[in-house]
$ cat my_file06.cif   # mmCIF, N, CA and C atoms
data_run
loop_
_atom_site.label_atom_id
_atom_site.label_comp_id
_atom_site.auth_asym_id
_atom_site.auth_seq_id
_atom_site.Cartn_x
_atom_site.Cartn_y
_atom_site.Cartn_z
N MET Q 1 139.78 271.27 98.82
CA MET Q 1 138.37 271.56 98.88
C MET Q 1 137.54 270.30 98.64
N LYS Q 2 138.01 269.47 97.69
CA LYS Q 2 137.31 268.24 97.37
C LYS Q 2 137.31 267.31 98.59
N GLN Q 3 138.41 267.28 99.36
CA GLN Q 3 138.49 266.44 100.56
C GLN Q 3 137.49 266.91 101.62
N ILE Q 4 137.28 268.20 101.71
CA ILE Q 4 136.32 268.73 102.68
C ILE Q 4 134.91 268.29 102.31
N LYS Q 5 134.56 268.33 101.02
CA LYS Q 5 133.23 267.90 100.57
C LYS Q 5 133.02 266.41 100.85
N VAL Q 6 134.05 265.61 100.55
CA VAL Q 6 133.96 264.16 100.79
C VAL Q 6 133.81 263.90 102.28
N PHE Q 7 134.60 264.58 103.10
CA PHE Q 7 134.50 264.43 104.55
C PHE Q 7 133.11 264.83 105.04
N PHE Q 8 132.60 265.96 104.56
CA PHE Q 8 131.29 266.43 104.98
C PHE Q 8 130.21 265.44 104.59
N LEU Q 9 130.27 264.89 103.37
CA LEU Q 9 129.27 263.91 102.94
C LEU Q 9 129.37 262.63 103.77
N ALA Q 10 130.56 262.18 104.07
CA ALA Q 10 130.74 260.98 104.89
C ALA Q 10 130.21 261.23 106.30
N PHE Q 11 130.51 262.41 106.85
CA PHE Q 11 130.03 262.76 108.19
C PHE Q 11 128.51 262.82 108.22
N ALA Q 12 127.89 263.41 107.20
CA ALA Q 12 126.42 263.51 107.14
C ALA Q 12 125.79 262.12 107.02
N ALA Q 13 126.41 261.26 106.20
CA ALA Q 13 125.87 259.90 106.06
C ALA Q 13 125.97 259.14 107.38
N ALA Q 14 127.08 259.26 108.08
CA ALA Q 14 127.25 258.58 109.37
C ALA Q 14 126.24 259.11 110.39
N LEU Q 15 126.06 260.42 110.41
CA LEU Q 15 125.10 261.03 111.33
C LEU Q 15 123.68 260.56 111.01
N PHE Q 16 123.34 260.45 109.75
CA PHE Q 16 122.02 259.96 109.34
C PHE Q 16 121.81 258.53 109.81
N LEU Q 17 122.81 257.68 109.61
CA LEU Q 17 122.69 256.28 110.05
C LEU Q 17 122.55 256.17 111.56
N LEU Q 18 123.28 256.96 112.30
CA LEU Q 18 123.18 256.92 113.76
C LEU Q 18 121.81 257.36 114.25
N THR Q 19 121.28 258.43 113.67
CA THR Q 19 119.98 258.92 114.15
C THR Q 19 118.84 258.01 113.75
N THR Q 20 118.90 257.38 112.57
CA THR Q 20 117.82 256.48 112.18
C THR Q 20 117.88 255.17 112.94
N SER Q 21 119.06 254.71 113.29
CA SER Q 21 119.16 253.45 114.05
C SER Q 21 118.67 253.64 115.48
N CYS Q 22 118.73 254.83 116.02
CA CYS Q 22 118.24 255.09 117.38
C CYS Q 22 116.72 255.05 117.44
N ARG Q 23 116.07 255.24 116.32
CA ARG Q 23 114.62 255.25 116.29
C ARG Q 23 114.02 253.84 116.22
N GLU Q 24 114.84 252.87 116.03
CA GLU Q 24 114.36 251.50 115.92
C GLU Q 24 113.74 251.06 117.24
N GLU Q 25 112.52 250.52 117.17
CA GLU Q 25 111.83 250.09 118.38
C GLU Q 25 112.34 248.73 118.84
N THR Q 26 112.44 248.59 120.14
CA THR Q 26 112.84 247.33 120.73
C THR Q 26 111.65 246.39 120.76
N GLU Q 27 111.84 245.17 120.29
CA GLU Q 27 110.78 244.17 120.30
C GLU Q 27 110.56 243.70 121.73
N VAL Q 28 109.32 243.77 122.18
CA VAL Q 28 108.97 243.35 123.53
C VAL Q 28 108.55 241.88 123.47
N PRO Q 29 109.22 241.01 124.23
CA PRO Q 29 108.85 239.59 124.19
C PRO Q 29 107.54 239.34 124.94
N VAL Q 30 106.83 238.34 124.53
CA VAL Q 30 105.60 237.92 125.21
C VAL Q 30 106.00 237.18 126.48
N ILE Q 31 105.35 237.51 127.60
CA ILE Q 31 105.61 236.78 128.84
C ILE Q 31 104.40 235.92 129.18
N THR Q 32 104.66 234.79 129.79
CA THR Q 32 103.60 233.89 130.22
C THR Q 32 103.18 234.27 131.64
N CYS Q 33 101.89 234.36 131.85
CA CYS Q 33 101.35 234.71 133.16
C CYS Q 33 100.53 233.54 133.70
N ILE Q 34 101.07 232.85 134.68
CA ILE Q 34 100.34 231.80 135.39
C ILE Q 34 100.14 232.34 136.79
N MET Q 35 98.93 232.74 137.10
CA MET Q 35 98.66 233.48 138.33
C MET Q 35 97.64 232.77 139.20
N ALA Q 36 97.76 233.01 140.49
CA ALA Q 36 96.78 232.49 141.44
C ALA Q 36 96.74 233.40 142.65
N THR Q 37 95.56 233.62 143.17
CA THR Q 37 95.42 234.39 144.40
C THR Q 37 95.72 233.48 145.59
N ASP Q 38 95.90 234.09 146.73
CA ASP Q 38 95.97 233.30 147.96
C ASP Q 38 94.65 232.56 148.14
N THR Q 39 94.71 231.40 148.76
CA THR Q 39 93.50 230.64 149.03
C THR Q 39 93.00 230.96 150.43
N LEU Q 40 91.71 231.12 150.53
CA LEU Q 40 91.07 231.42 151.82
C LEU Q 40 89.97 230.38 152.03
N ILE Q 41 89.86 229.89 153.24
CA ILE Q 41 88.75 229.03 153.62
C ILE Q 41 87.74 229.93 154.35
N ALA Q 42 86.53 229.98 153.82
CA ALA Q 42 85.52 230.90 154.35
C ALA Q 42 85.24 230.62 155.83
N PRO Q 43 85.47 231.61 156.70
CA PRO Q 43 85.20 231.42 158.12
C PRO Q 43 83.72 231.52 158.47
N GLN Q 44 82.96 232.09 157.53
CA GLN Q 44 81.51 232.26 157.69
C GLN Q 44 80.88 232.19 156.30
N ASN Q 45 79.55 232.18 156.24
CA ASN Q 45 78.88 232.32 154.95
C ASN Q 45 79.25 233.69 154.38
N VAL Q 46 79.64 233.73 153.10
CA VAL Q 46 80.09 234.99 152.50
C VAL Q 46 79.60 235.12 151.07
N THR Q 47 79.54 236.35 150.62
CA THR Q 47 79.38 236.66 149.20
C THR Q 47 80.79 236.83 148.65
N VAL Q 48 81.06 236.20 147.52
CA VAL Q 48 82.38 236.33 146.90
C VAL Q 48 82.21 236.92 145.51
N GLU Q 49 82.96 237.97 145.24
CA GLU Q 49 82.97 238.61 143.92
C GLU Q 49 84.33 238.33 143.29
N TYR Q 50 84.32 237.55 142.22
CA TYR Q 50 85.53 237.25 141.46
C TYR Q 50 85.58 238.18 140.25
N LEU Q 51 86.80 238.68 139.94
CA LEU Q 51 86.94 239.61 138.82
C LEU Q 51 88.22 239.32 138.05
N LEU Q 52 88.11 239.31 136.73
CA LEU Q 52 89.24 239.23 135.82
C LEU Q 52 89.22 240.49 134.98
N LYS Q 53 90.33 241.24 134.98
CA LYS Q 53 90.46 242.45 134.16
C LYS Q 53 91.75 242.34 133.37
N ALA Q 54 91.80 242.99 132.21
CA ALA Q 54 93.02 243.01 131.41
C ALA Q 54 93.02 244.24 130.51
N GLU Q 55 94.24 244.72 130.20
CA GLU Q 55 94.41 245.88 129.33
C GLU Q 55 95.62 245.66 128.45
N GLY Q 56 95.60 246.26 127.27
CA GLY Q 56 96.76 246.24 126.39
C GLY Q 56 96.76 245.05 125.45
N ASP Q 57 97.96 244.56 125.17
CA ASP Q 57 98.17 243.44 124.26
C ASP Q 57 98.33 242.18 125.10
N TYR Q 58 97.26 241.42 125.25
CA TYR Q 58 97.23 240.26 126.15
C TYR Q 58 96.35 239.17 125.56
N GLU Q 59 96.45 237.99 126.14
CA GLU Q 59 95.54 236.89 125.82
C GLU Q 59 95.35 236.08 127.10
N VAL Q 60 94.10 235.85 127.46
CA VAL Q 60 93.78 235.02 128.63
C VAL Q 60 93.24 233.69 128.10
N ALA Q 61 93.96 232.61 128.39
CA ALA Q 61 93.55 231.28 127.92
C ALA Q 61 92.48 230.69 128.83
N VAL Q 62 92.64 230.90 130.15
CA VAL Q 62 91.67 230.35 131.10
C VAL Q 62 91.63 231.22 132.36
N PHE Q 63 90.43 231.36 132.91
CA PHE Q 63 90.20 232.00 134.20
C PHE Q 63 89.43 230.99 135.03
N TYR Q 64 89.88 230.77 136.27
CA TYR Q 64 89.17 229.81 137.10
C TYR Q 64 88.95 230.36 138.50
N TYR Q 65 87.92 229.83 139.15
CA TYR Q 65 87.59 230.24 140.51
C TYR Q 65 86.83 229.08 141.16
N TYR Q 66 86.67 229.18 142.47
CA TYR Q 66 85.92 228.16 143.19
C TYR Q 66 84.52 228.66 143.46
N GLY Q 67 83.55 227.86 143.06
CA GLY Q 67 82.14 228.15 143.28
C GLY Q 67 81.56 227.19 144.29
N ILE Q 68 80.26 227.16 144.38
CA ILE Q 68 79.56 226.33 145.35
C ILE Q 68 79.82 224.84 145.13
N ASP Q 69 80.02 224.44 143.86
CA ASP Q 69 80.26 223.03 143.55
C ASP Q 69 81.72 222.72 143.24
N GLY Q 70 82.62 223.62 143.56
CA GLY Q 70 84.04 223.37 143.32
C GLY Q 70 84.60 224.27 142.22
N LEU Q 71 85.64 223.77 141.56
CA LEU Q 71 86.36 224.55 140.57
C LEU Q 71 85.52 224.82 139.32
N VAL Q 72 85.52 226.09 138.88
CA VAL Q 72 84.85 226.51 137.66
C VAL Q 72 85.92 227.11 136.76
N ALA Q 73 86.06 226.61 135.53
CA ALA Q 73 87.07 227.11 134.59
C ALA Q 73 86.36 227.69 133.36
N ILE Q 74 86.77 228.90 132.98
CA ILE Q 74 86.23 229.59 131.82
C ILE Q 74 87.36 229.71 130.80
N SER Q 75 87.22 229.05 129.66
CA SER Q 75 88.22 229.12 128.60
C SER Q 75 88.02 230.37 127.74
N ASN Q 76 89.13 231.03 127.42
CA ASN Q 76 89.12 232.22 126.56
C ASN Q 76 88.06 233.24 126.97
N PRO Q 77 88.06 233.66 128.23
CA PRO Q 77 87.02 234.60 128.68
C PRO Q 77 87.20 235.98 128.07
N THR Q 78 86.09 236.68 127.92
CA THR Q 78 86.17 238.09 127.54
C THR Q 78 86.39 238.89 128.82
N THR Q 79 87.05 240.03 128.69
CA THR Q 79 87.31 240.85 129.87
C THR Q 79 86.58 242.18 129.75
N PRO Q 80 86.14 242.74 130.84
CA PRO Q 80 86.23 242.17 132.19
C PRO Q 80 85.23 241.02 132.37
N TYR Q 81 85.61 240.09 133.23
CA TYR Q 81 84.74 238.97 133.58
C TYR Q 81 84.45 239.07 135.07
N PHE Q 82 83.18 239.07 135.44
CA PHE Q 82 82.77 239.25 136.83
C PHE Q 82 81.72 238.21 137.19
N VAL Q 83 81.86 237.64 138.39
CA VAL Q 83 80.83 236.74 138.90
C VAL Q 83 80.73 236.95 140.41
N SER Q 84 79.51 236.93 140.91
CA SER Q 84 79.25 237.07 142.34
C SER Q 84 78.47 235.83 142.79
N ILE Q 85 78.99 235.17 143.84
CA ILE Q 85 78.34 233.95 144.32
C ILE Q 85 78.29 233.95 145.85
N GLU Q 86 77.38 233.15 146.38
CA GLU Q 86 77.28 232.96 147.83
C GLU Q 86 77.97 231.63 148.16
N LEU Q 87 78.88 231.66 149.12
CA LEU Q 87 79.58 230.44 149.53
C LEU Q 87 79.35 230.19 151.02
N PRO Q 88 79.23 228.92 151.39
CA PRO Q 88 79.00 228.58 152.80
C PRO Q 88 80.31 228.56 153.60
N VAL Q 89 80.17 228.48 154.90
CA VAL Q 89 81.31 228.37 155.79
C VAL Q 89 82.17 227.18 155.36
N GLU Q 90 83.47 227.34 155.44
CA GLU Q 90 84.50 226.35 155.08
C GLU Q 90 84.62 226.07 153.58
N ALA Q 91 84.01 226.88 152.74
CA ALA Q 91 84.20 226.76 151.30
C ALA Q 91 85.56 227.35 150.91
N THR Q 92 86.12 226.84 149.84
CA THR Q 92 87.39 227.36 149.32
C THR Q 92 87.13 228.60 148.49
N ILE Q 93 87.93 229.64 148.73
CA ILE Q 93 87.86 230.87 147.95
C ILE Q 93 89.24 231.04 147.30
N HIS Q 94 89.24 231.03 145.96
CA HIS Q 94 90.50 231.05 145.23
C HIS Q 94 90.21 231.36 143.77
N ALA Q 95 91.11 232.10 143.12
CA ALA Q 95 90.99 232.39 141.69
C ALA Q 95 92.35 232.28 141.04
N GLY Q 96 92.34 232.04 139.73
CA GLY Q 96 93.59 231.94 138.99
C GLY Q 96 93.36 232.15 137.51
N SER Q 97 94.45 232.31 136.79
CA SER Q 97 94.34 232.44 135.33
C SER Q 97 95.66 232.06 134.69
N GLU Q 98 95.57 231.77 133.41
CA GLU Q 98 96.75 231.51 132.59
C GLU Q 98 96.59 232.31 131.32
N GLY Q 99 97.67 232.97 130.91
CA GLY Q 99 97.62 233.77 129.69
C GLY Q 99 98.98 234.32 129.35
N THR Q 100 98.99 235.28 128.43
CA THR Q 100 100.23 235.93 128.01
C THR Q 100 100.01 237.44 127.93
N VAL Q 101 101.10 238.17 128.13
CA VAL Q 101 101.07 239.63 128.01
C VAL Q 101 102.28 240.06 127.21
N LYS Q 102 102.03 240.87 126.17
CA LYS Q 102 103.15 241.47 125.44
C LYS Q 102 103.39 242.88 125.98
N GLU Q 103 102.33 243.65 126.06
CA GLU Q 103 102.40 244.98 126.67
C GLU Q 103 101.05 245.27 127.30
N GLY Q 104 101.01 245.38 128.60
CA GLY Q 104 99.76 245.60 129.31
C GLY Q 104 99.73 244.79 130.59
N ASN Q 105 98.52 244.34 130.99
CA ASN Q 105 98.42 243.58 132.23
C ASN Q 105 97.18 242.71 132.26
N ILE Q 106 97.26 241.70 133.12
CA ILE Q 106 96.13 240.85 133.47
C ILE Q 106 96.02 240.90 134.99
N GLU Q 107 94.82 241.11 135.50
CA GLU Q 107 94.59 241.20 136.94
C GLU Q 107 93.45 240.28 137.33
N ILE Q 108 93.67 239.49 138.39
CA ILE Q 108 92.61 238.66 138.95
C ILE Q 108 92.43 239.05 140.40
N SER Q 109 91.18 238.96 140.87
CA SER Q 109 90.93 239.34 142.26
C SER Q 109 89.67 238.68 142.77
N TYR Q 110 89.56 238.69 144.09
CA TYR Q 110 88.30 238.34 144.72
C TYR Q 110 88.10 239.19 145.96
N LYS Q 111 86.84 239.40 146.27
CA LYS Q 111 86.45 240.06 147.51
C LYS Q 111 85.41 239.18 148.15
N ALA Q 112 85.69 238.74 149.38
CA ALA Q 112 84.75 237.90 150.14
C ALA Q 112 84.26 238.73 151.32
N TYR Q 113 82.95 238.77 151.51
CA TYR Q 113 82.43 239.64 152.58
C TYR Q 113 81.04 239.19 153.05
N ASN Q 114 80.71 239.67 154.22
CA ASN Q 114 79.34 239.64 154.74
C ASN Q 114 79.23 240.85 155.66
N SER Q 115 78.23 240.90 156.51
CA SER Q 115 78.05 242.09 157.36
C SER Q 115 79.12 242.22 158.44
N GLU Q 116 79.90 241.15 158.69
CA GLU Q 116 80.89 241.17 159.77
C GLU Q 116 82.34 241.16 159.31
N ILE Q 117 82.61 240.61 158.13
CA ILE Q 117 83.99 240.45 157.68
C ILE Q 117 84.15 240.85 156.22
N SER Q 118 85.39 241.10 155.81
CA SER Q 118 85.71 241.40 154.42
C SER Q 118 87.16 241.04 154.15
N PHE Q 119 87.39 240.29 153.08
CA PHE Q 119 88.73 239.91 152.65
C PHE Q 119 88.86 240.21 151.16
N GLU Q 120 90.04 240.68 150.75
CA GLU Q 120 90.26 240.95 149.34
C GLU Q 120 91.67 240.51 148.95
N ARG Q 121 91.79 239.89 147.79
CA ARG Q 121 93.09 239.47 147.26
C ARG Q 121 93.16 239.88 145.80
N ILE Q 122 94.34 240.38 145.38
CA ILE Q 122 94.56 240.81 144.00
C ILE Q 122 95.92 240.29 143.55
N THR Q 123 95.98 239.79 142.33
CA THR Q 123 97.23 239.36 141.72
C THR Q 123 97.30 239.95 140.31
N VAL Q 124 98.47 240.51 139.95
CA VAL Q 124 98.64 241.18 138.66
C VAL Q 124 99.88 240.65 137.94
N CYS Q 125 99.76 240.48 136.65
CA CYS Q 125 100.90 240.16 135.78
C CYS Q 125 100.96 241.28 134.75
N SER Q 126 102.08 241.99 134.66
CA SER Q 126 102.15 243.13 133.74
C SER Q 126 103.52 243.25 133.09
N GLN Q 127 103.53 243.93 131.96
CA GLN Q 127 104.77 244.21 131.25
C GLN Q 127 104.60 245.50 130.46
N GLU Q 128 105.60 246.34 130.55
CA GLU Q 128 105.62 247.61 129.81
C GLU Q 128 106.78 247.59 128.82
N LYS Q 129 106.70 248.44 127.80
CA LYS Q 129 107.83 248.59 126.89
C LYS Q 129 108.98 249.24 127.66
N PRO Q 130 110.20 248.78 127.40
CA PRO Q 130 111.35 249.39 128.11
C PRO Q 130 111.59 250.82 127.66
#
$ encode --input "my_file06.cif" --output "structure tokens"
Amino acid sequence: MKQIKVFFLAFAAALFLLTTSCREETEVPVITCIMATDTLIAPQNVTVEYLLKAEGDYEVAVFYYYGIDGLVAISNPTTPYFVSIELPVEATIHAGSEGTVKEGNIEISYKAYNSEISFERITVCSQEKP
């Protein structure tokens, strides 16, 4: 009878250890996100809307885009970050960012348009818990 009690206590302890170890959360590593949209050369005068969005556990170190006078870089921007500008024919249209994501996403995009044309590019860096 004593052996049955000892066996039962050992079995219960082992079962307890197995169930509590299964509850342990897996640490999600931080990933580096160096992103850039495709580059477009404006075929006509266009309005360009640049957008930076992010959700979850992230950090954006820099967001950059091309404006009327060339490259514009915003350090540690708050999200969402939106800017709308008018660009002339043959201007460079491009956006990028650098940051990190532990759980969530960073998205950069632009939409270039006028009454005759419309182009849109989106780039996303994301990570979910396994």
$ closest_residue --input "my_file06.cif" --among "Q:Ala42, Q:Leu52, Q:Val101, Q:Ile108" --to "Leu87 of chain Q" --atoms "all atoms listed in the file"
Q:Ala42
$ resolve_selection --input "my_file06.cif" --expression "the PyMOL selection byres (((chain Q and resi 47-51 and name CA) around 12) and name CA)" --output "number ranges by chain"
Q: 37, 40-46, 52-54, 63-68, 72, 77-89, 91-97, 106-124
$ residues_near_point --input "my_file06.cif" --point "(101.3, 248.7, 126.3)" --cutoff "6 Å" --atoms "only N, CA and C atoms" --output "PyMOL selection string"
chain Q and resi 56-57+103-104+128-129
$ write_last_selection --input "my_file06.cif" --atoms "N, CA and C atoms" --output "PDB file, keeping the file's coordinate frame"
ATOM      1  N   GLY Q  56      95.600 246.260 127.270  1.00  0.00           N
ATOM      2  CA  GLY Q  56      96.760 246.240 126.390  1.00  0.00           C
ATOM      3  C   GLY Q  56      96.760 245.050 125.450  1.00  0.00           C
ATOM      4  N   ASP Q  57      97.960 244.560 125.170  1.00  0.00           N
ATOM      5  CA  ASP Q  57      98.170 243.440 124.260  1.00  0.00           C
ATOM      6  C   ASP Q  57      98.330 242.180 125.100  1.00  0.00           C
ATOM      7  N   GLU Q 103     102.330 243.650 126.060  1.00  0.00           N
ATOM      8  CA  GLU Q 103     102.400 244.980 126.670  1.00  0.00           C
ATOM      9  C   GLU Q 103     101.050 245.270 127.300  1.00  0.00           C
ATOM     10  N   GLY Q 104     101.010 245.380 128.600  1.00  0.00           N
ATOM     11  CA  GLY Q 104      99.760 245.600 129.310  1.00  0.00           C
ATOM     12  C   GLY Q 104      99.730 244.790 130.590  1.00  0.00           C
ATOM     13  N   GLU Q 128     105.600 246.340 130.550  1.00  0.00           N
ATOM     14  CA  GLU Q 128     105.620 247.610 129.810  1.00  0.00           C
ATOM     15  C   GLU Q 128     106.780 247.590 128.820  1.00  0.00           C
ATOM     16  N   LYS Q 129     106.700 248.440 127.800  1.00  0.00           N
ATOM     17  CA  LYS Q 129     107.830 248.590 126.890  1.00  0.00           C
ATOM     18  C   LYS Q 129     108.980 249.240 127.660  1.00  0.00           C
TER      19      LYS Q 129
END
$ atom_distance --input "my_file06.cif" --atom1 "atom C of Val30 of chain Q" --atom2 "atom CA of Leu71 of chain Q"
27.3 Å
$ resolve_selection --input "my_file06.cif" --expression "the PyMOL selection byres (((chain Q and resi 32 and name CA) around 7) and name CA)" --output "PyMOL selection string"
chain Q and resi 30-31+33-34+99-101
$ closest_residue --input "my_file06.cif" --among "Q:Asn76, Q:Glu59, Q:Glu27, Q:Asp69" --to "Pro130 of chain Q" --atoms "only C-alpha atoms"
Q:Glu27
$ atom_distance --input "my_file06.cif" --atom1 "atom CA of Gln127 of chain Q" --atom2 "atom CA of Ala61 of chain Q"
17.4 Å
$ atom_distance --input "my_file06.cif" --atom1 "atom C of Glu55 of chain Q" --atom2 "atom N of Ala73 of chain Q"
22.5 Å
$ closest_residue --input "my_file06.cif" --among "Q:Val60, Q:Val28, Q:Ile74, Q:Met35" --to "Cys125 of chain Q" --atoms "all atoms listed in the file"
Q:Met35
$ axis_aligned_box --input "my_file06.cif" --around "segment 82-88 of chain Q" --padding-each-side "8 Å" --output "lines of an AutoDock Vina configuration file"
center_x = 80.2
center_y = 233.9
center_z = 144.5
size_x = 21.9
size_y = 26.7
size_z = 34.2
$ select_by_dssp --input "my_file06.cif" --residues "chain Q" --states "strand (DSSP E or B)" --output "JSON, numbers by chain"
{"Q": [31, 32, 33, 34, 35, 36, 40, 41, 46, 47, 48, 49, 50, 51, 52, 53, 54, 55, 56, 57, 58, 59, 60, 61, 62, 63, 64, 65, 66, 67, 70, 71, 72, 73, 74, 75, 81, 82, 83, 84, 85, 86, 87, 92, 93, 95, 96, 97, 98, 99, 100, 101, 102, 103, 104, 105, 106, 107, 108, 109, 110, 111, 112, 113, 118, 119, 120, 121, 122, 123, 124, 125, 126, 127]}
